[in-house]
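Trainee: Next comes work-v2.txt, compact mmCIF, C-alpha atoms and all ligand atoms:
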```txt
# COMPACT_ATOMS: atom_id res chain seq x y z
CA MET A 1 4.64 25.48 10.38
CA SER A 2 6.11 27.25 13.39
CA ILE A 3 6.82 25.15 16.46
CA GLU A 4 4.79 25.87 19.59
CA PRO A 5 7.36 27.45 21.96
CA SER A 6 6.10 25.19 24.77
CA ASP A 7 6.90 22.14 22.67
CA LEU A 8 10.47 22.67 21.55
CA ILE A 9 12.71 19.63 21.69
CA HIS A 10 15.12 20.61 24.41
CA GLY A 11 18.27 18.65 25.22
CA GLU A 12 18.61 20.01 28.75
CA ALA A 13 14.99 19.19 29.69
CA ILE A 14 15.41 15.68 28.29
CA ALA A 15 18.68 15.12 30.15
CA GLN A 16 17.17 16.34 33.44
CA ALA A 17 14.13 14.07 33.13
CA LEU A 18 16.30 11.07 32.26
CA GLU A 19 18.45 11.76 35.29
CA MET A 20 15.33 11.83 37.48
CA PHE A 21 14.57 8.30 36.30
CA ARG A 22 18.25 7.37 36.74
CA LEU A 23 18.49 6.53 33.06
CA ASN A 24 21.93 6.83 31.60
CA ILE A 25 21.02 7.51 27.98
CA PRO A 26 22.95 10.26 26.20
CA VAL A 27 20.52 11.97 23.79
CA GLU A 28 21.83 14.13 20.98
CA VAL A 29 19.33 16.72 19.75
CA LEU A 30 19.64 17.85 16.13
CA ALA A 31 17.71 20.56 14.32
CA GLN A 32 18.07 18.78 10.99
CA CYS A 33 19.52 15.54 9.67
CA PRO A 34 18.78 13.14 6.80
CA SER A 35 17.72 10.25 9.06
CA THR A 36 18.37 9.48 12.74
CA ASN A 37 18.66 5.79 11.83
CA ALA A 38 21.26 6.44 9.13
CA LEU A 39 23.22 8.71 11.43
CA LEU A 40 23.15 6.37 14.42
CA LEU A 41 24.18 3.42 12.24
CA GLU A 42 27.16 5.47 11.12
CA ARG A 43 27.95 6.31 14.76
CA ALA A 44 27.53 2.64 15.72
CA ARG A 45 30.22 1.69 13.18
CA MET A 46 32.49 4.24 14.88
CA GLY A 47 31.83 2.69 18.31
CA ALA A 48 28.95 4.79 19.71
CA PRO A 49 28.03 3.56 23.20
CA HIS A 50 25.21 1.19 24.08
CA ALA A 51 21.93 3.00 24.81
CA SER A 52 22.69 6.27 23.08
CA ALA A 53 20.02 8.14 21.17
CA ILE A 54 19.53 10.82 18.54
CA VAL A 55 16.38 12.90 18.19
CA CYS A 56 15.99 15.19 15.20
CA GLU A 57 13.51 17.98 14.60
CA ASN A 58 13.57 17.88 10.83
CA GLN A 59 14.46 14.64 9.04
CA THR A 60 15.07 15.35 5.38
CA ALA A 61 15.35 11.71 4.23
CA GLY A 62 13.48 9.71 6.88
CA ARG A 63 13.52 5.98 6.21
CA GLY A 64 10.48 3.73 6.52
CA ARG A 65 10.08 -0.03 6.38
CA ARG A 66 10.62 -1.92 3.14
CA GLY A 67 12.49 0.93 1.48
CA SER A 68 9.72 3.50 1.89
CA THR A 69 10.22 7.13 2.87
CA TRP A 70 9.08 8.30 6.29
CA ILE A 71 7.43 11.68 6.05
CA SER A 72 7.28 13.82 9.16
CA ALA A 73 6.48 17.45 9.85
CA THR A 74 8.77 19.88 11.62
CA GLY A 75 7.34 20.68 15.04
CA ALA A 76 4.48 18.21 14.66
CA SER A 77 6.32 14.87 14.76
CA LEU A 78 8.76 13.03 16.97
CA THR A 79 11.57 11.19 15.18
CA PHE A 80 14.34 9.48 17.09
CA SER A 81 16.58 6.42 17.19
CA LEU A 82 18.07 4.42 20.05
CA LEU A 83 21.19 2.27 19.72
CA TRP A 84 21.11 -1.04 21.60
CA ARG A 85 23.96 -3.58 21.67
CA PHE A 86 22.82 -7.19 22.04
CA GLY A 87 25.20 -9.99 22.98
CA SER A 88 23.56 -12.37 20.51
CA THR A 89 23.31 -12.97 16.80
CA VAL A 90 20.59 -11.33 14.76
CA SER A 91 18.69 -14.64 14.51
CA ALA A 92 18.10 -14.50 18.30
CA LEU A 93 16.34 -11.15 17.87
CA SER A 94 13.19 -12.50 16.24
CA GLY A 95 10.25 -10.57 17.66
CA LEU A 96 12.33 -7.52 18.61
CA SER A 97 10.21 -5.12 16.57
CA LEU A 98 7.04 -6.41 18.28
CA ALA A 99 8.67 -5.97 21.69
CA VAL A 100 9.57 -2.38 20.76
CA ALA A 101 5.98 -1.73 19.67
CA VAL A 102 4.78 -2.87 23.11
CA ALA A 103 7.22 -0.45 24.77
CA VAL A 104 6.05 2.46 22.60
CA ALA A 105 2.37 1.67 23.23
CA ARG A 106 2.99 1.49 27.00
CA ALA A 107 4.77 4.83 26.91
CA LEU A 108 2.01 6.55 24.95
CA GLU A 109 -0.65 5.18 27.25
CA ALA A 110 1.40 6.36 30.25
CA GLN A 111 1.26 9.83 28.65
CA GLY A 112 -2.54 9.71 28.70
CA GLY A 113 -3.10 8.03 25.35
CA ALA A 114 -6.17 5.90 24.76
CA GLN A 115 -5.44 2.29 23.87
CA ILE A 116 -2.98 2.16 21.01
CA GLU A 117 -3.55 -0.67 18.54
CA LEU A 118 -0.72 -2.67 17.02
CA LYS A 119 -0.62 -3.96 13.47
CA TRP A 120 1.86 -6.75 12.76
CA PRO A 121 4.75 -6.47 12.74
CA ASN A 122 5.13 -3.08 14.36
CA ASP A 123 2.79 -0.33 13.19
CA LEU A 124 1.07 1.82 15.78
CA LEU A 125 -2.54 2.68 14.99
CA PHE A 126 -5.27 4.77 16.54
CA ARG A 127 -8.81 4.04 15.35
CA GLY A 128 -7.35 2.19 12.38
CA ARG A 129 -5.15 5.05 11.19
CA LYS A 130 -1.36 5.03 11.41
CA LEU A 131 0.01 6.95 14.36
CA GLY A 132 3.61 5.87 14.13
CA GLY A 133 6.10 3.36 12.84
CA ILE A 134 9.23 1.53 13.88
CA LEU A 135 12.26 0.73 11.76
CA ILE A 136 14.98 -1.48 13.21
CA GLU A 137 18.26 -1.72 11.34
CA THR A 138 21.10 -3.94 12.51
CA LEU A 139 24.84 -4.43 12.20
CA SER A 140 25.85 -7.94 13.08
CA SER A 141 29.04 -9.79 13.85
CA ALA A 142 29.69 -13.45 14.76
CA ASP A 143 28.35 -13.19 18.30
CA SER A 144 26.75 -9.79 18.75
CA THR A 145 24.32 -7.40 17.08
CA VAL A 146 23.91 -3.66 17.19
CA ALA A 147 20.30 -2.62 16.68
CA VAL A 148 19.36 0.91 15.73
CA ILE A 149 15.75 1.26 16.78
CA GLY A 150 14.06 4.12 14.93
CA ILE A 151 10.68 5.44 15.96
CA GLY A 152 8.56 8.01 14.16
CA LEU A 153 5.36 9.39 15.67
CA ASN A 154 2.78 11.87 14.42
CA VAL A 155 2.26 14.24 17.33
CA ARG A 156 -0.21 16.79 15.97
CA ASN A 157 -1.82 18.11 12.74
CA ALA A 158 -2.68 14.69 11.31
CA PRO A 159 -4.94 16.08 8.54
CA ALA A 160 -2.12 18.19 7.04
CA LEU A 161 0.33 15.29 7.31
CA GLY A 162 -2.23 12.92 5.78
CA ASP A 163 -2.45 15.20 2.73
CA ARG A 164 1.31 14.92 2.25
CA VAL A 165 1.43 11.17 2.88
CA GLY A 166 -1.52 10.45 0.61
CA HIS A 167 -3.75 8.67 3.12
CA GLN A 168 -5.35 9.51 6.45
CA VAL A 169 -3.15 9.24 9.51
CA ALA A 170 -3.73 9.76 13.23
CA ASP A 171 -1.82 11.85 15.75
CA LEU A 172 -1.02 11.58 19.44
CA ARG A 173 -3.07 14.60 20.40
CA GLU A 174 -6.30 13.04 19.15
CA ALA A 175 -5.27 9.77 20.83
CA GLY A 176 -5.05 11.73 24.11
CA ALA A 177 -1.27 11.56 24.65
CA LEU A 178 -0.82 15.18 25.59
CA GLY A 179 2.71 15.37 27.00
CA SER A 180 5.29 17.66 25.43
CA ARG A 181 7.55 16.02 22.88
CA ASN A 182 10.34 16.01 25.50
CA GLU A 183 8.05 14.10 27.87
CA LEU A 184 6.92 11.74 25.13
CA LEU A 185 10.53 10.99 24.23
CA VAL A 186 11.57 10.37 27.83
CA ALA A 187 8.51 8.13 28.42
CA GLN A 188 9.54 6.01 25.46
CA LEU A 189 13.19 5.77 26.46
CA LEU A 190 12.02 4.73 29.92
CA GLN A 191 9.79 1.94 28.60
CA LEU A 192 12.40 0.82 26.08
CA SER A 193 15.01 0.61 28.81
CA GLN A 194 12.67 -1.76 30.69
CA VAL A 195 11.42 -3.83 27.76
CA LEU A 196 14.75 -4.34 25.93
CA PRO A 197 16.55 -6.11 28.83
CA THR A 198 13.49 -8.36 29.28
CA PHE A 199 13.57 -9.14 25.57
CA GLU A 200 17.30 -9.81 25.68
CA LYS A 201 16.86 -12.33 28.51
CA HIS A 202 13.62 -14.05 27.55
CA GLY A 203 12.78 -13.04 23.99
CA PHE A 204 9.34 -11.85 22.93
CA ALA A 205 7.41 -14.57 24.84
CA PRO A 206 6.76 -12.56 28.08
CA LEU A 207 5.47 -9.61 26.01
CA ARG A 208 3.25 -11.64 23.70
CA GLU A 209 0.03 -11.41 25.73
CA GLU A 210 0.40 -7.65 25.97
CA TRP A 211 0.94 -7.40 22.22
CA LEU A 212 -2.13 -9.56 21.57
CA ALA A 213 -4.27 -7.39 23.86
CA ARG A 214 -3.51 -4.53 21.48
CA HIS A 215 -3.74 -6.50 18.25
CA ALA A 216 -5.62 -4.28 15.79
CA TRP A 217 -6.68 -7.03 13.38
CA GLN A 218 -7.26 -10.05 15.62
CA GLY A 219 -9.75 -12.37 13.89
CA ARG A 220 -9.89 -10.20 10.76
CA ARG A 221 -9.42 -11.45 7.22
CA VAL A 222 -6.05 -10.14 6.02
CA ARG A 223 -3.73 -10.34 3.06
CA LEU A 224 0.06 -10.64 3.40
CA SER A 225 2.25 -9.69 0.47
CA GLY A 226 5.82 -8.90 -0.45
CA GLY A 227 7.70 -10.92 2.13
CA GLY A 228 9.65 -13.03 -0.30
CA HIS A 229 6.95 -15.69 -0.17
CA GLN A 230 3.75 -16.23 -2.08
CA GLU A 231 0.96 -13.80 -1.21
CA ALA A 232 -1.23 -15.28 1.52
CA GLU A 233 -4.77 -14.53 2.60
CA GLY A 234 -6.41 -15.80 5.74
CA GLU A 235 -7.64 -14.99 9.24
CA ALA A 236 -5.17 -13.21 11.55
CA ILE A 237 -5.26 -15.38 14.65
CA GLY A 238 -2.39 -13.74 16.52
CA VAL A 239 1.37 -13.93 16.88
CA ALA A 240 3.69 -16.68 18.10
CA GLU A 241 6.25 -16.49 20.93
CA ASP A 242 8.95 -15.67 18.38
CA GLY A 243 6.92 -12.84 16.85
CA ALA A 244 5.72 -14.76 13.76
CA LEU A 245 2.33 -13.76 12.39
CA LEU A 246 -0.14 -16.63 12.67
CA LEU A 247 -2.54 -16.89 9.76
CA GLN A 248 -5.30 -19.47 9.48
CA VAL A 249 -5.26 -20.41 5.80
CA ALA A 250 -7.51 -23.16 4.41
CA GLY A 251 -7.91 -24.80 7.82
CA GLU A 252 -4.25 -24.77 8.78
CA VAL A 253 -2.21 -22.34 10.87
CA ARG A 254 0.75 -20.88 9.00
CA ARG A 255 3.61 -18.76 10.38
CA TYR A 256 5.05 -15.76 8.59
CA TYR A 257 8.12 -13.73 9.45
CA SER A 258 7.98 -10.97 6.84
CA GLY A 259 5.61 -9.12 4.58
CA GLU A 260 3.17 -6.28 4.45
CA LEU A 261 -0.30 -6.77 5.86
CA SER A 262 -3.53 -5.26 4.56
CA LEU A 263 -7.16 -5.95 5.32
CA GLY A 264 -8.72 -8.61 3.10
CA LEU A 265 -12.12 -8.44 1.45
CA ALA A 266 -14.42 -10.33 3.81
C1 LIG A 301 7.55 2.59 9.02
O1 LIG A 301 7.70 2.56 7.79
O2 LIG A 301 6.46 2.41 9.54
C2 LIG A 301 8.73 2.83 9.91
C3 LIG A 301 9.00 4.29 10.08
C4 LIG A 301 10.20 4.61 10.98
C5 LIG A 301 10.51 6.08 10.98
C6 LIG A 301 11.56 6.44 11.97
S1 LIG A 301 11.67 8.18 12.22
C7 LIG A 301 13.12 7.98 13.14
C8 LIG A 301 13.95 6.91 12.47
N1 LIG A 301 14.78 7.47 11.43
C9 LIG A 301 14.41 7.08 10.21
O3 LIG A 301 14.95 7.44 9.14
N2 LIG A 301 13.36 6.25 10.29
C10 LIG A 301 13.00 6.01 11.67
```
Let me see whether you can do it: turn the structure in this file into structure tokens.
Mentor:
Amino acid sequence: MSIEPSDLIHGEAIAQALEMFRLNIPVEVLAQCPSTNALLLERARMGAPHASAIVCENQTAGRGRRGSTWISATGASLTFSLLWRFGSTVSALSGLSLAVAVAVARALEAQGGAQIELKWPNDLLFRGRKLGGILIETLSSADSTVAVIGIGLNVRNAPALGDRVGHQVADLREAGALGSRNELLVAQLLQLSQVLPTFEKHGFAPLREEWLARHAWQGRRVRLSGGGHQEAEGEAIGVAEDGALLLQVAGEVRRYYSGELSLGLA
């Protein structure tokens, strides 16, 4: 597919917009790379600065959660990663992926998007179909953690992408987020640069209500599998202040920190 000339990813336009918001985030724009997460992790090991980002037009080996592949379409997706250095151990970062999902949803809504729904832990949905995903990979030492926060969004042409992915997906254009991909990227970096310092100071707690307001499956019967624990089925009653999924199972509330959620039968 050819890229609409008005929607090229353009380093200069991104840099100018970031400067307008007084955001000091160097963004590297690449035409092609295997994965922005893989590349930024490599750069992080070589000392890449806090709050640097890579955006790539064509990811050839995009990584998804739980070892899956992230499929995107040249010109019709937005795939980028942001490096963030936290002065704490990885165990203090519980709930980070939910905090990032709040930032992304805020940014998309600021770009005109209708309400974006969140599926635990960090999928972005529109009308029940996946609009985007978040993959956070970390490098940790005794007292600090480098997080590479990778975000993939379907911008347009969801039906064609859905054929390749094997299930229906949604895109930002149908969700009403109409900004150019440069604008969408800048909006997300802006929200992330506000949400991440809040998270670093106070954890997920101050963002929890906002996450819950967007919770796609609140009160629904769900099944949780593959998190290194026994499969669980129950009612999704929300998330805790540390980002744990709260499931009501056989009259008791249980907390889960990992796994893949699907809708249950009832
Ligand atoms: C998911 O499985 O839902 C998470 C998908 C994350 C995809 C993004 S695209 C940019 C960054 N680079 C990658 O290789 N993956 C993430």
Trainee: Which residues are near segment 214-225 of chain A? Cut-off 7 Å, all atoms listed in the file, ignore same chain within fewer than 5 positions. Put them as an MDAnalysis selection string.
Mentor: chainID A and resid 116:119 231:238 259:264 266
Trainee: Quick one: everything within 8 Å of segment 129-145 of chain A, counting all atoms listed in the file, minus sequence neighbours fewer than 3 positions away in the same chain. Send it as a ChimeraX atom specification.
Mentor: /A:37,41,63-65,85-90,97,100-101,122-126,148-154,168-172
Trainee: Find the residue from A:Gln115, A:Ser180, A:Ser35, A:Ser258 that sits nearest to Ala61 of chain A; use all atoms listed in the file when measuring.
Mentor: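 Using all atoms listed in the file, the shortest distance to Ala61 of chain A belongs to A:Ser35.
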Trainee: As a list in words, please: the residues near Arg255 of chain A (cut-off 10 Å, all atoms listed in the file, same-chain neighbours under 4 positions excluded).
Mentor: Gly238, Val239, Ala240, Gly243, Ala244, Leu245, Leu246, Leu247 and Gln248 of chain A
Trainee: For the residues selected in the previous step, produce a file with C-alpha atoms as a PDB file, keeping the file's coordinate frame.
Mentor:
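Saved result, result-v2.pdb, follows:
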```pdb
ATOM      1  CA  GLY A 238      -2.390 -13.740  16.520  1.00  0.00           C
ATOM      2  CA  VAL A 239       1.370 -13.930  16.880  1.00  0.00           C
ATOM      3  CA  ALA A 240       3.690 -16.680  18.100  1.00  0.00           C
ATOM      4  CA  GLY A 243       6.920 -12.840  16.850  1.00  0.00           C
ATOM      5  CA  ALA A 244       5.720 -14.760  13.760  1.00  0.00           C
ATOM      6  CA  LEU A 245       2.330 -13.760  12.390  1.00  0.00           C
ATOM      7  CA  LEU A 246      -0.140 -16.630  12.670  1.00  0.00           C
ATOM      8  CA  LEU A 247      -2.540 -16.890   9.760  1.00  0.00           C
ATOM      9  CA  GLN A 248      -5.300 -19.470   9.480  1.00  0.00           C
TER      10      GLN A 248
END
```
Trainee: In Å, with one decimal, what is the gap from atom CA of Ala51 of chain A to atom CA of Gln191 of chain A?
Mentor: 12.8 Å
Trainee: Give the answer as one residue: which of A:Ala205, A:Leu8, A:Ala73, A:Leu23 has the shortest atom-to-atom distance to ligand LIG 301 (chain A), using all atoms listed in the file?
Mentor: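 Counting all atoms listed in the file, the residue closest to ligand LIG 301 (chain A) is A:Ala73.
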Trainee: Mind working out the centre and edge lengths of an axis-aligned box for segment 28-36 of chain A, all listed atoms inside, 4 Å added to each side, rounded to one decimal in Å and written as AutoDock Vina command-line options?
Mentor:
```
--center_x 19.8 --center_y 15.0 --center_z 13.9 --size_x 12.1 --size_y 19.1 --size_z 22.2
```
Trainee: At what distance in Å, to one decimal, does atom C4 of ligand LIG 301 (chain A) lie from atom CA of Arg43 of chain A?
Mentor: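 The value is 18.2 Å.
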Trainee: Pick out the closest residue to Ala76 of chain A from this set: A:Pro159, A:Pro26, A:Gly176, A:Gly166. Count all atoms listed in the file.
Mentor: A:Pro159
Trainee: What residues have an atom no more than 10 Å from (13.6, 17.7, 7.3) in the file's own frame, counting only C-alpha atoms, and can you write them as a list in words?
Mentor: Ala31, Gln32, Cys33, Pro34, Ser35, Cys56, Glu57, Asn58, Gln59, Thr60, Ala61, Gly62, Ile71, Ser72, Ala73 and Thr74 of chain A
Trainee: Between A:Leu212, A:Val186, A:Val29, A:Ala103, which is the closest to Ile9 of chain A once you count only C-alpha atoms?
Mentor: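 Of the candidates, the smallest distance to Ile9 of chain A is held by A:Val29.
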Trainee: Skipping near chain neighbours, those fewer than 6 positions away, what residues fall within 10 Å of Thr198 of chain A using all atoms listed in the file, listed as a list in words?
Mentor: Ala99, Leu192, Phe204, Ala205, Pro206 and Leu207 of chain A
Trainee: I need the residue nearest ligand LIG 301 (chain A) from this list: A:Ala53, A:Ala44, A:Ala250, A:Leu96. Use all atoms listed in the file for the distance.
Mentor: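 That would be A:Ala53, the residue with the smallest distance to ligand LIG 301 (chain A).
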